[in-house]
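Text of the file protein-v1.csv, holding CSV, C-alpha atoms:
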chain,number,residue,atom,x,y,z
A,1,MET,CA,8.9,11.2,20.5
A,2,TRP,CA,6.5,12.0,17.7
A,3,HIS,CA,3.4,14.3,18.3
A,4,PHE,CA,1.1,13.0,15.6
A,5,LEU,CA,-2.3,13.8,14.3
A,6,THR,CA,-4.9,11.1,13.9
A,7,PRO,CA,-8.2,11.4,12.1
A,8,CYS,CA,-10.6,13.5,14.2
A,9,ILE,CA,-13.8,12.1,15.7
A,10,ARG,CA,-15.3,15.0,13.7
A,11,GLU,CA,-14.0,16.7,10.6
A,12,ARG,CA,-11.7,19.6,11.5
A,13,LYS,CA,-10.4,22.6,9.8
A,14,THR,CA,-7.5,23.4,12.1
A,15,ASP,CA,-4.1,23.7,10.4
A,16,LEU,CA,-1.8,20.7,11.2
A,17,ARG,CA,1.0,23.1,12.3
A,18,GLU,CA,-1.3,24.5,15.0
A,19,ILE,CA,-2.0,21.0,16.3
A,20,PHE,CA,1.7,20.3,16.5
A,21,ASP,CA,1.9,23.1,19.1
A,22,VAL,CA,-0.7,21.5,21.4
A,23,LYS,CA,1.0,21.0,24.8
A,24,LYS,CA,0.9,17.6,26.5
A,25,ASP,CA,-0.7,19.1,29.6
A,26,GLU,CA,-3.6,20.3,27.5
A,27,LEU,CA,-4.6,16.7,26.6
A,28,THR,CA,-6.7,14.1,28.3
A,29,VAL,CA,-5.4,10.6,27.6
A,30,GLU,CA,-7.8,7.9,26.4
A,31,LYS,CA,-6.3,4.5,25.4
A,32,GLY,CA,-2.9,6.0,24.6
A,33,VAL,CA,-4.4,8.8,22.4
A,34,GLY,CA,-4.4,12.4,23.6
A,35,VAL,CA,-7.8,14.0,23.1
A,36,HIS,CA,-7.8,17.8,22.7
A,37,THR,CA,-11.1,19.8,22.6
A,38,VAL,CA,-11.1,23.3,21.0
A,39,GLU,CA,-13.8,25.9,20.3
A,40,THR,CA,-14.1,27.1,16.7
A,41,GLY,CA,-16.1,30.0,15.3
A,42,GLY,CA,-15.2,32.6,17.8
A,43,GLY,CA,-17.4,34.9,19.9
A,44,GLY,CA,-17.9,32.2,22.5
A,45,GLY,CA,-20.5,30.5,20.4
A,46,GLY,CA,-18.2,28.3,18.4
A,47,VAL,CA,-18.7,24.6,17.9
A,48,LEU,CA,-16.7,22.2,20.0
A,49,GLU,CA,-14.6,19.9,17.9
A,50,THR,CA,-12.8,16.9,19.3
A,51,GLN,CA,-9.3,16.4,18.0
A,52,ALA,CA,-7.2,13.2,18.6
A,53,VAL,CA,-3.5,13.9,18.8
A,54,ALA,CA,-1.2,10.9,19.6
A,55,ILE,CA,1.1,11.6,22.5
A,56,CYS,CA,3.5,9.1,20.9
A,57,SER,CA,2.9,7.3,17.7
A,58,ASN,CA,5.2,4.4,18.5
A,59,GLU,CA,2.9,3.2,21.4
A,60,PRO,CA,0.5,0.9,19.5
A,61,GLY,CA,-1.7,0.3,22.5
A,62,VAL,CA,-5.0,0.8,20.7
A,63,LEU,CA,-4.0,-1.4,17.8
A,64,ASP,CA,-2.8,-4.1,20.1
A,65,GLU,CA,-6.2,-4.2,21.8
A,66,ILE,CA,-8.1,-4.8,18.6
A,67,ASN,CA,-5.4,-7.1,17.3
A,68,GLY,CA,-5.8,-9.6,20.1
A,69,ASP,CA,-6.6,-13.3,19.7
A,70,GLY,CA,-8.9,-13.7,16.7
A,71,GLY,CA,-8.3,-10.1,15.5
A,72,PHE,CA,-6.1,-10.9,12.5
A,73,PRO,CA,-7.2,-11.5,9.0
A,74,VAL,CA,-6.5,-15.0,7.6
A,75,GLY,CA,-2.8,-15.7,7.4
A,76,GLY,CA,-1.8,-12.6,9.4
A,77,ARG,CA,1.8,-12.3,10.6
A,78,TRP,CA,4.1,-9.7,12.2
A,79,LEU,CA,7.6,-8.6,11.2
A,80,GLU,CA,9.3,-6.6,14.0
A,81,GLY,CA,12.5,-4.7,13.1
A,82,LYS,CA,14.5,-1.7,14.2
A,83,GLU,CA,12.3,0.7,12.1
A,84,TRP,CA,8.9,-0.9,12.1
A,85,LYS,CA,6.4,-3.5,13.2
A,86,LEU,CA,4.9,-4.5,9.9
A,87,PHE,CA,1.8,-6.6,9.4
A,88,TYR,CA,1.4,-8.9,6.4
A,89,THR,CA,-0.6,-11.9,5.3
A,90,VAL,CA,0.3,-15.1,3.5
A,91,ARG,CA,-2.4,-17.1,1.9
A,92,GLY,CA,-2.6,-20.0,-0.5
A,93,ASP,CA,0.1,-22.6,-1.0
A,94,GLU,CA,3.4,-22.1,0.7
A,95,GLY,CA,5.1,-24.9,-1.2
A,96,PRO,CA,6.7,-24.7,-4.7
A,97,GLY,CA,4.7,-22.5,-7.0
A,98,GLU,CA,4.1,-18.9,-8.0
A,99,VAL,CA,4.6,-16.1,-5.5
A,100,VAL,CA,2.2,-13.1,-5.9
A,101,VAL,CA,2.9,-10.0,-3.8
A,102,LEU,CA,0.0,-7.5,-3.4
A,103,LEU,CA,0.8,-3.8,-2.7
A,104,HIS,CA,-1.9,-1.3,-1.7
A,105,GLY,CA,-2.3,2.3,-2.6
A,106,LEU,CA,-1.8,5.7,-0.8
A,107,VAL,CA,-4.6,5.7,1.7
A,108,GLY,CA,-5.7,2.1,1.8
A,109,TYR,CA,-4.1,-1.0,3.4
A,110,SER,CA,-4.1,-4.7,2.7
A,111,PHE,CA,-7.8,-5.2,3.2
A,112,VAL,CA,-8.4,-3.7,-0.3
A,113,TRP,CA,-7.1,-7.1,-1.6
A,114,GLU,CA,-9.4,-9.4,0.4
A,115,ARG,CA,-12.1,-9.8,-2.2
A,116,PHE,CA,-9.4,-10.0,-4.9
A,117,THR,CA,-7.5,-12.7,-3.0
A,118,ASP,CA,-10.7,-14.7,-2.3
A,119,TRP,CA,-11.7,-14.6,-5.9
A,120,LEU,CA,-8.2,-15.6,-7.1
A,121,LEU,CA,-8.0,-18.6,-4.8
A,122,GLU,CA,-11.5,-19.8,-6.0
A,123,GLN,CA,-10.6,-19.8,-9.7
A,124,PRO,CA,-9.8,-23.1,-11.5
A,125,HIS,CA,-6.2,-22.9,-12.7
A,126,LYS,CA,-3.2,-25.1,-12.5
A,127,LYS,CA,-1.0,-22.7,-10.7
A,128,ARG,CA,0.0,-23.2,-7.0
A,129,LEU,CA,-0.1,-19.7,-5.6
A,130,GLN,CA,1.4,-18.2,-2.5
A,131,ILE,CA,-0.2,-14.7,-2.0
A,132,VAL,CA,1.5,-12.1,0.2
A,133,SER,CA,-0.2,-8.8,1.1
A,134,ILE,CA,1.6,-6.1,3.0
A,135,ASP,CA,0.4,-3.1,5.2
A,136,PHE,CA,2.9,-0.4,4.6
A,137,LEU,CA,4.1,1.5,7.7
A,138,GLY,CA,1.4,3.7,9.0
A,139,ARG,CA,-1.4,1.9,7.2
A,140,GLY,CA,-3.7,-0.8,8.6
A,141,ARG,CA,-1.9,-2.5,11.5
A,142,SER,CA,1.7,-1.5,10.7
A,143,HIS,CA,3.4,1.1,12.8
A,144,PRO,CA,6.8,2.3,13.8
A,145,ALA,CA,8.9,0.2,16.1
A,146,ALA,CA,9.0,1.1,19.8
A,147,HIS,CA,11.3,4.0,20.6
A,148,GLN,CA,11.7,4.9,16.9
A,149,ALA,CA,11.9,8.6,17.2
A,150,ASN,CA,13.4,9.5,13.8
A,151,PRO,CA,11.7,7.7,11.0
A,152,ARG,CA,13.1,7.9,7.5
A,153,PRO,CA,11.3,9.9,4.9
A,154,HIS,CA,8.6,7.8,3.3
A,155,ASN,CA,10.2,7.9,-0.2
A,156,LEU,CA,10.3,5.1,-2.8
A,157,ALA,CA,13.3,3.4,-1.3
A,158,PHE,CA,11.6,3.3,2.1
A,159,HIS,CA,8.6,1.4,0.6
A,160,VAL,CA,10.8,-0.9,-1.4
A,161,ASP,CA,12.7,-1.8,1.7
A,162,GLN,CA,9.5,-2.8,3.5
A,163,VAL,CA,8.7,-5.2,0.6
A,164,LYS,CA,12.2,-6.7,0.7
A,165,ALA,CA,12.0,-7.0,4.5
A,166,VAL,CA,8.7,-9.0,4.4
A,167,LEU,CA,10.1,-11.3,1.6
A,168,GLU,CA,13.2,-11.9,3.7
A,169,ASP,CA,11.0,-12.7,6.7
A,170,ILE,CA,9.1,-15.3,4.8
A,171,GLY,CA,12.4,-16.7,3.5
A,172,LEU,CA,11.6,-15.9,-0.2
A,173,ILE,CA,14.7,-13.8,-0.9
A,174,GLU,CA,17.0,-16.6,0.2
A,175,LYS,CA,15.1,-19.0,-2.0
A,176,LEU,CA,15.1,-16.7,-4.9
A,177,THR,CA,18.8,-15.9,-4.7
A,178,THR,CA,20.1,-19.5,-4.1
A,179,PRO,CA,22.1,-20.5,-7.2
A,180,LEU,CA,21.3,-23.7,-9.0
A,181,PRO,CA,24.0,-26.3,-9.3
A,182,PRO,CA,26.3,-25.9,-12.3
A,183,PRO,CA,25.5,-27.8,-15.5
A,184,GLY,CA,26.4,-31.5,-15.3
A,185,VAL,CA,26.0,-31.7,-11.6
A,186,ARG,CA,23.3,-34.3,-10.8
A,187,ARG,CA,21.6,-32.8,-7.8
A,188,HIS,CA,17.9,-32.1,-7.7
A,189,VAL,CA,17.3,-28.5,-6.8
A,190,GLU,CA,14.0,-27.0,-7.8
A,191,ALA,CA,14.4,-23.7,-9.4
A,192,PRO,CA,12.5,-21.1,-7.2
A,193,PRO,CA,9.8,-19.1,-9.0
A,194,LYS,CA,10.4,-15.4,-9.5
A,195,LEU,CA,8.0,-12.9,-8.1
A,196,THR,CA,4.8,-11.5,-9.6
A,197,LEU,CA,4.2,-8.1,-8.1
A,198,VAL,CA,0.6,-6.7,-8.2
A,199,GLY,CA,0.4,-3.0,-7.2
A,200,ALA,CA,-2.5,-0.5,-7.2
A,201,SER,CA,-2.0,3.2,-7.3
A,202,LEU,CA,1.0,3.9,-5.0
A,203,GLY,CA,1.6,0.2,-4.8
A,204,GLY,CA,2.1,0.0,-8.5
A,205,SER,CA,4.8,2.6,-8.2
A,206,VAL,CA,6.4,0.6,-5.4
A,207,ALA,CA,6.3,-2.5,-7.6
A,208,VAL,CA,8.1,-0.8,-10.4
A,209,GLY,CA,10.6,0.6,-8.0
A,210,PHE,CA,11.2,-2.9,-6.5
A,211,ALA,CA,11.7,-4.4,-10.0
A,212,ALA,CA,14.1,-1.6,-10.9
A,213,ALA,CA,16.1,-2.2,-7.8
A,214,TYR,CA,16.0,-6.0,-7.8
A,215,PRO,CA,15.4,-7.0,-11.4
A,216,GLY,CA,16.6,-10.6,-10.9
A,217,LEU,CA,13.8,-11.3,-8.4
A,218,VAL,CA,10.9,-10.3,-10.6
A,219,SER,CA,9.4,-11.9,-13.7
A,220,ARG,CA,5.9,-10.3,-13.9
A,221,LEU,CA,4.2,-7.0,-12.9
A,222,MET,CA,0.5,-6.2,-12.8
A,223,LEU,CA,0.1,-2.5,-12.4
A,224,ILE,CA,-3.3,-1.0,-11.6
A,225,SER,CA,-3.4,2.8,-12.3
A,226,PRO,CA,0.2,3.3,-10.9
A,227,LEU,CA,1.1,6.7,-9.7
A,228,GLY,CA,4.2,8.4,-11.2
A,229,ALA,CA,3.3,10.3,-14.3
A,230,PRO,CA,3.1,14.2,-14.2
A,231,GLY,CA,-0.4,15.3,-13.5
A,232,CYS,CA,-1.6,12.2,-11.7
A,233,LEU,CA,-2.6,14.1,-8.5
A,234,PRO,CA,-4.4,17.3,-7.7
A,235,ALA,CA,-2.2,20.4,-7.9
A,236,TYR,CA,-2.5,21.2,-4.2
A,237,VAL,CA,-0.6,18.1,-3.3
A,238,SER,CA,2.6,19.5,-4.8
A,239,GLN,CA,2.1,22.6,-2.6
A,240,LEU,CA,2.0,20.9,0.7
A,241,GLY,CA,4.8,23.1,2.0
A,242,SER,CA,2.7,26.3,1.8
A,243,LEU,CA,-0.9,25.1,2.2
A,244,PRO,CA,-2.7,24.1,5.5
A,245,PHE,CA,-1.8,20.4,5.8
A,246,SER,CA,-4.9,19.1,7.5
A,247,SER,CA,-7.4,20.2,4.8
A,248,THR,CA,-5.2,18.4,2.1
A,249,LEU,CA,-4.8,15.2,4.1
A,250,LEU,CA,-8.5,15.1,5.2
A,251,SER,CA,-9.7,15.7,1.7
A,252,LEU,CA,-7.9,12.6,0.5
A,253,TYR,CA,-8.9,10.5,3.5
A,254,THR,CA,-12.5,11.7,3.5
A,255,ALA,CA,-12.9,10.9,-0.2
A,256,PHE,CA,-11.5,7.4,0.5
A,257,LYS,CA,-13.9,6.8,3.4
A,258,GLY,CA,-16.8,8.1,1.5
A,259,SER,CA,-16.2,5.9,-1.5
A,260,LEU,CA,-16.0,2.8,0.8
A,261,THR,CA,-19.1,3.7,2.8
A,262,SER,CA,-21.3,4.6,-0.1
A,263,GLN,CA,-20.2,2.4,-2.9
A,264,LEU,CA,-17.7,-0.3,-2.2
A,265,LEU,CA,-18.0,-2.0,1.2
A,266,PRO,CA,-21.1,-0.5,2.9
A,267,GLU,CA,-21.4,-3.4,5.3
A,268,ALA,CA,-17.8,-4.0,6.2
A,269,SER,CA,-16.2,-0.6,5.7
A,270,GLN,CA,-16.8,0.7,9.2
A,271,GLU,CA,-14.6,-2.0,10.8
A,272,HIS,CA,-11.8,-1.4,8.3
A,273,LEU,CA,-11.9,2.4,8.6
A,274,GLU,CA,-12.0,2.2,12.4
A,275,LEU,CA,-8.7,0.3,12.3
A,276,GLN,CA,-7.1,2.9,10.1
A,277,ASP,CA,-8.4,5.7,12.3
A,278,LEU,CA,-6.8,4.1,15.3
A,279,ASN,CA,-3.4,3.9,13.7
A,280,THR,CA,-1.7,7.0,15.1
A,281,ALA,CA,1.0,6.8,12.5
A,282,PHE,CA,-1.5,7.0,9.5
A,283,LEU,CA,-1.7,10.7,8.8
A,284,PRO,CA,2.0,11.4,9.5
A,285,SER,CA,2.9,8.5,7.2
A,286,LEU,CA,0.5,9.9,4.6
A,287,LEU,CA,2.1,13.3,4.9
A,288,SER,CA,5.6,12.0,4.6
A,289,THR,CA,4.7,10.0,1.5
A,290,LEU,CA,3.1,13.0,-0.1
A,291,LEU,CA,6.2,15.1,0.6
A,292,HIS,CA,8.9,12.6,-0.3
A,293,PHE,CA,7.6,9.9,-2.7
A,294,PRO,CA,8.1,10.6,-6.4
A,295,LEU,CA,4.4,10.6,-7.0
A,296,GLU,CA,4.7,12.4,-10.3
A,297,ASP,CA,8.3,11.5,-11.1
A,298,MET,CA,8.5,7.8,-11.9
A,299,LEU,CA,8.9,8.0,-15.7
A,300,HIS,CA,12.5,6.9,-15.6
A,301,HIS,CA,11.6,3.9,-13.5
A,302,PHE,CA,8.9,2.9,-15.9
A,303,LYS,CA,11.3,3.2,-18.8
A,304,ALA,CA,14.0,1.2,-16.9
A,305,VAL,CA,11.6,-1.7,-16.3
A,306,GLY,CA,10.3,-1.5,-19.8
A,307,ALA,CA,13.8,-2.1,-21.0
A,308,MET,CA,14.1,-5.4,-19.1
A,309,PRO,CA,13.2,-8.1,-21.6
A,310,HIS,CA,12.6,-10.8,-18.9
A,311,ILE,CA,9.8,-8.8,-17.1
A,312,LYS,CA,6.3,-9.2,-18.5
A,313,THR,CA,3.8,-6.5,-17.5
A,314,LEU,CA,0.1,-6.0,-17.6
A,315,LEU,CA,-1.2,-2.5,-17.1
A,316,LEU,CA,-4.8,-2.0,-15.9
A,317,TRP,CA,-6.4,1.4,-15.9
A,318,GLY,CA,-10.0,2.6,-15.1
A,319,GLN,CA,-11.5,4.8,-17.9
A,320,GLU,CA,-13.4,6.6,-15.2
A,321,ASP,CA,-10.5,7.2,-12.9
A,322,MET,CA,-10.7,10.7,-11.4
A,323,THR,CA,-7.6,10.2,-9.1
A,324,ASN,CA,-5.1,9.1,-11.7
A,325,PRO,CA,-6.6,10.3,-15.0
A,326,TYR,CA,-7.0,7.7,-17.7
A,327,HIS,CA,-5.3,9.8,-20.4
A,328,LEU,CA,-2.0,9.2,-18.5
A,329,SER,CA,-2.2,5.5,-19.2
A,330,SER,CA,-0.8,6.0,-22.7
A,331,THR,CA,2.4,7.7,-21.4
A,332,VAL,CA,3.0,4.9,-18.8
A,333,HIS,CA,2.1,2.2,-21.4
A,334,SER,CA,4.6,3.5,-23.9
A,335,LEU,CA,7.4,3.7,-21.4
A,336,LEU,CA,6.8,0.1,-20.2
A,337,GLY,CA,7.6,-1.1,-23.7
A,338,LYS,CA,6.6,-4.0,-25.9
A,339,ARG,CA,6.5,-6.5,-23.1
A,340,CYS,CA,3.6,-4.6,-21.5
A,341,SER,CA,0.0,-5.4,-22.4
A,342,PHE,CA,-2.8,-2.9,-21.7
A,343,MET,CA,-6.2,-3.7,-20.2
A,344,PRO,CA,-8.7,-0.7,-19.9
A,345,LEU,CA,-11.7,-1.2,-17.7
A,346,GLN,CA,-15.0,0.6,-17.2
A,347,ALA,CA,-14.0,1.5,-13.6
A,348,GLY,CA,-12.6,4.2,-11.4
A,349,HIS,CA,-9.4,4.2,-9.3
A,350,ALA,CA,-10.2,1.5,-6.7
A,351,ILE,CA,-10.2,-1.5,-9.2
A,352,PRO,CA,-9.2,-4.2,-6.6
A,353,LEU,CA,-12.4,-3.3,-4.7
A,354,THR,CA,-14.8,-2.5,-7.5
A,355,ASN,CA,-13.7,-5.0,-10.1
A,356,PRO,CA,-11.8,-7.8,-8.4
A,357,GLU,CA,-13.1,-10.4,-10.8
A,358,LYS,CA,-11.8,-8.6,-13.9
A,359,ALA,CA,-8.5,-7.8,-12.2
A,360,VAL,CA,-8.1,-11.5,-11.2
A,361,ALA,CA,-8.9,-12.6,-14.8
A,362,GLY,CA,-6.1,-10.3,-16.0
A,363,LEU,CA,-3.6,-11.8,-13.4
A,364,ILE,CA,-4.5,-15.4,-14.3
A,365,THR,CA,-3.8,-14.6,-18.0
A,366,LEU,CA,-0.5,-13.0,-17.0
A,367,LEU,CA,0.5,-16.1,-14.9
A,368,THR,CA,-0.6,-18.8,-17.4
A,369,GLU,CA,0.2,-17.4,-20.8
A,370,PRO,CA,3.5,-18.7,-22.3
A,371,LYS,CA,6.4,-16.6,-21.3
A,372,ASP,CA,7.1,-15.1,-24.7
A,373,ASP,CA,3.5,-14.5,-25.7
A,374,LEU,CA,1.8,-11.2,-25.4
A,375,PHE,CA,-1.9,-10.7,-24.8

For this file, produce the structure as structure tokens.
Amino acid sequence: MWHFLTPCIRERKTDLREIFDVKKDELTVEKGVGVHTVETGGGGGGVLETQAVAICSNEPGVLDEINGDGGFPVGGRWLEGKEWKLFYTVRGDEGPGEVVVLLHGLVGYSFVWERFTDWLLEQPHKKRLQIVSIDFLGRGRSHPAAHQANPRPHNLAFHVDQVKAVLEDIGLIEKLTTPLPPPGVRRHVEAPPKLTLVGASLGGSVAVGFAAAYPGLVSRLMLISPLGAPGCLPAYVSQLGSLPFSSTLLSLYTAFKGSLTSQLLPEASQEHLELQDLNTAFLPSLLSTLLHFPLEDMLHHFKAVGAMPHIKTLLLWGQEDMTNPYHLSSTVHSLLGKRCSFMPLQAGHAIPLTNPEKAVAGLITLLTEPKDDLF
């Protein structure tokens, strides 16, 4: 059983290790989440802060309540396995055509692609598109499977396995790996399209990892400020073993919430953030990712993919990116090789949210340009 921390009703300063020591009999249970109230400031005059600590992160009662009939985004589906209950969406044409897989970043989930997907489906182009968007475990609606007490570390392979599991659930892996008849055999078998992976931030790193692991399944990559180069994250992230955890996690999540509320989705952000807050696996998954994912050690993966002549890549990077600094783009671009084209934007880190039209324009060019042409 996991004793997990979820975002507080109010911002807290308590060390995460202290919260792990909270006893079950000190909690009052509200909708499957233990609520623990503590006094801070000392001297009997401290401020009462309410902390939410999940009694067991693999009991998705709160998420199930808000995911009832009519609670899913368009095209929403579940994948239940031994390790997880993953949520993903499928939109567009499910017949023969291009398959585009959208992978979100470190602290977001699939909703960051909603405006991007809407805009993509509205554009006049001749491609039939099947668009798949995934919530990684602990993000959005995805959570551990029931009775899953010992989750794997959230490293690169763990995230790649989630992408593969969703593609298998849809039936795409089987289609992509079915051999065509030998030359001379007159049997009409339509060649399945290979995948186009679109990843932002952490999702860009996962896309590269997937392409390195399964190069025969991928023909195109669109990477939006992918993590993986040294210096891409604040220094304190690499010191999680010695620093108070909660301040680090909350600084990341608070910045994400603030950007949504003030700049990106002021009208719809509250609904999305409430869903993330109610996922009791969110902060533990974030912590495990920060500890185990090669956030600044993906250079060999970039180089490996850059050496694959059949994979065409488009790299987008915001010139005002304060999370994954723009100057790192030159390192990543050079490693991705001659088949990679570069598209700088006057934008920050959250390009799918702030600049969906420009990102979609780049993707359409990637999909429609002749295979051997560069931008």

Around all the atoms of range 276-289 of chain A listed in the file, with 3 Å of room on each side, what axis-aligned box do you get, giving centre and edge lengths in Å to one decimal, as JSON?
{"center_x": -1.4, "center_y": 8.1, "center_z": 8.4, "size_x": 20.0, "size_y": 16.4, "size_z": 19.8}

Within 10 Å of Pro73 in chain A, counting all atoms listed in the file, which residues show up once you throw out same-chain ones fewer than 4 positions away? Write them as a short mmCIF file (atom, residue, chain, number, x, y, z; two decimals) with C-alpha atoms, in the coordinates of the input, please.
data_model
loop_
_atom_site.label_atom_id
_atom_site.label_comp_id
_atom_site.auth_asym_id
_atom_site.auth_seq_id
_atom_site.Cartn_x
_atom_site.Cartn_y
_atom_site.Cartn_z
CA ASN A 67 -5.40 -7.10 17.30
CA ARG A 77 1.80 -12.30 10.60
CA TYR A 88 1.40 -8.90 6.40
CA THR A 89 -0.60 -11.90 5.30
CA VAL A 90 0.30 -15.10 3.50
CA SER A 110 -4.10 -4.70 2.70
CA PHE A 111 -7.80 -5.20 3.20
CA GLU A 114 -9.40 -9.40 0.40
#

Can you tell me, as an MDAnalysis selection string, which residues sit within 7 Å of (9.3, -6.4, 8.1) in the file's frame, using only C-alpha atoms?
chainID A and resid 79:81 84:86 162 165:166 169

Taking 6 positions as the minimum chain separation for residues in the same chain, which residues sit within 9 Å of Lys303 in chain A when counting only C-alpha atoms? Answer as a ChimeraX atom specification.
/A:332,334-337

File dump, residues just selected, C-alpha atoms, as a tab-separated table (two decimals), in the frame of the given file:
chain	number	residue	atom	x	y	z
A	332	VAL	CA	3.00	4.90	-18.80
A	334	SER	CA	4.60	3.50	-23.90
A	335	LEU	CA	7.40	3.70	-21.40
A	336	LEU	CA	6.80	0.10	-20.20
A	337	GLY	CA	7.60	-1.10	-23.70

Determine, for each residue of range 105-141 of chain A having at least one atom at most 7 Å from an atom of range 279-283 of chain A, the closest pair of atoms and their separation in Å to one decimal, counting only C-alpha atoms; order by chain and ascending number, as a Markdown table.
| residue | atom | partner | partner_atom | distance |
| --- | --- | --- | --- | --- |
| A:Gly138 | CA | A:Phe282 | CA | 4.4 |
| A:Arg139 | CA | A:Phe282 | CA | 5.6 |
| A:Gly140 | CA | A:Asn279 | CA | 6.9 |
| A:Arg141 | CA | A:Asn279 | CA | 6.9 |

Non-local contacts of range 305-321 of chain A (9 Å; only C-alpha atoms; under 2 positions in same chain excluded) as a PDB file with C-alpha atoms, in the frame of the given file:
ATOM      1  CA  VAL A 208       8.100  -0.800 -10.400  1.00  0.00           C
ATOM      2  CA  GLY A 209      10.600   0.600  -8.000  1.00  0.00           C
ATOM      3  CA  ALA A 211      11.700  -4.400 -10.000  1.00  0.00           C
ATOM      4  CA  ALA A 212      14.100  -1.600 -10.900  1.00  0.00           C
ATOM      5  CA  PRO A 215      15.400  -7.000 -11.400  1.00  0.00           C
ATOM      6  CA  GLY A 216      16.600 -10.600 -10.900  1.00  0.00           C
ATOM      7  CA  VAL A 218      10.900 -10.300 -10.600  1.00  0.00           C
ATOM      8  CA  SER A 219       9.400 -11.900 -13.700  1.00  0.00           C
ATOM      9  CA  ARG A 220       5.900 -10.300 -13.900  1.00  0.00           C
ATOM     10  CA  LEU A 221       4.200  -7.000 -12.900  1.00  0.00           C
ATOM     11  CA  MET A 222       0.500  -6.200 -12.800  1.00  0.00           C
ATOM     12  CA  LEU A 223       0.100  -2.500 -12.400  1.00  0.00           C
ATOM     13  CA  ILE A 224      -3.300  -1.000 -11.600  1.00  0.00           C
ATOM     14  CA  SER A 225      -3.400   2.800 -12.300  1.00  0.00           C
ATOM     15  CA  PRO A 226       0.200   3.300 -10.900  1.00  0.00           C
ATOM     16  CA  HIS A 300      12.500   6.900 -15.600  1.00  0.00           C
ATOM     17  CA  HIS A 301      11.600   3.900 -13.500  1.00  0.00           C
ATOM     18  CA  PHE A 302       8.900   2.900 -15.900  1.00  0.00           C
ATOM     19  CA  LYS A 303      11.300   3.200 -18.800  1.00  0.00           C
ATOM     20  CA  THR A 323      -7.600  10.200  -9.100  1.00  0.00           C
ATOM     21  CA  ASN A 324      -5.100   9.100 -11.700  1.00  0.00           C
ATOM     22  CA  PRO A 325      -6.600  10.300 -15.000  1.00  0.00           C
ATOM     23  CA  TYR A 326      -7.000   7.700 -17.700  1.00  0.00           C
ATOM     24  CA  HIS A 327      -5.300   9.800 -20.400  1.00  0.00           C
ATOM     25  CA  SER A 329      -2.200   5.500 -19.200  1.00  0.00           C
ATOM     26  CA  VAL A 332       3.000   4.900 -18.800  1.00  0.00           C
ATOM     27  CA  HIS A 333       2.100   2.200 -21.400  1.00  0.00           C
ATOM     28  CA  SER A 334       4.600   3.500 -23.900  1.00  0.00           C
ATOM     29  CA  LEU A 335       7.400   3.700 -21.400  1.00  0.00           C
ATOM     30  CA  LEU A 336       6.800   0.100 -20.200  1.00  0.00           C
ATOM     31  CA  GLY A 337       7.600  -1.100 -23.700  1.00  0.00           C
ATOM     32  CA  LYS A 338       6.600  -4.000 -25.900  1.00  0.00           C
ATOM     33  CA  ARG A 339       6.500  -6.500 -23.100  1.00  0.00           C
ATOM     34  CA  CYS A 340       3.600  -4.600 -21.500  1.00  0.00           C
ATOM     35  CA  SER A 341       0.000  -5.400 -22.400  1.00  0.00           C
ATOM     36  CA  PHE A 342      -2.800  -2.900 -21.700  1.00  0.00           C
ATOM     37  CA  MET A 343      -6.200  -3.700 -20.200  1.00  0.00           C
ATOM     38  CA  PRO A 344      -8.700  -0.700 -19.900  1.00  0.00           C
ATOM     39  CA  LEU A 345     -11.700  -1.200 -17.700  1.00  0.00           C
ATOM     40  CA  GLN A 346     -15.000   0.600 -17.200  1.00  0.00           C
ATOM     41  CA  ALA A 347     -14.000   1.500 -13.600  1.00  0.00           C
ATOM     42  CA  GLY A 348     -12.600   4.200 -11.400  1.00  0.00           C
ATOM     43  CA  HIS A 349      -9.400   4.200  -9.300  1.00  0.00           C
ATOM     44  CA  ALA A 350     -10.200   1.500  -6.700  1.00  0.00           C
ATOM     45  CA  ILE A 351     -10.200  -1.500  -9.200  1.00  0.00           C
ATOM     46  CA  ALA A 359      -8.500  -7.800 -12.200  1.00  0.00           C
ATOM     47  CA  GLY A 362      -6.100 -10.300 -16.000  1.00  0.00           C
ATOM     48  CA  LEU A 363      -3.600 -11.800 -13.400  1.00  0.00           C
ATOM     49  CA  LEU A 366      -0.500 -13.000 -17.000  1.00  0.00           C
ATOM     50  CA  LYS A 371       6.400 -16.600 -21.300  1.00  0.00           C
ATOM     51  CA  ASP A 372       7.100 -15.100 -24.700  1.00  0.00           C
ATOM     52  CA  LEU A 374       1.800 -11.200 -25.400  1.00  0.00           C
ATOM     53  CA  PHE A 375      -1.900 -10.700 -24.800  1.00  0.00           C
TER      54      PHE A 375
END

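Across the model, the gap from CA of Phe136 in chain A to CA of Pro356 in chain A is 21.0 Å.
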
Between A:Leu275, A:Val100, A:Val74, A:Leu106, which has the minimum distance to Ser142 in chain A (counting all atoms listed in the file)?
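For Ser142 in chain A, the nearest of the given residues is A:Leu275.
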
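What separates CA of Glu83 in chain A from CA of Trp113 in chain A is a distance of 25.0 Å.
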
Enter the distance from CA of Leu328 in chain A to CA of Lys194 in chain A, in Å, rounded to one decimal.
29.0 Å

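In this comparison, which uses all atoms listed in the file, the residue of A:Leu120, A:Leu353, A:Leu217, A:Leu278 approaching Thr365 in chain A most closely is A:Leu120.
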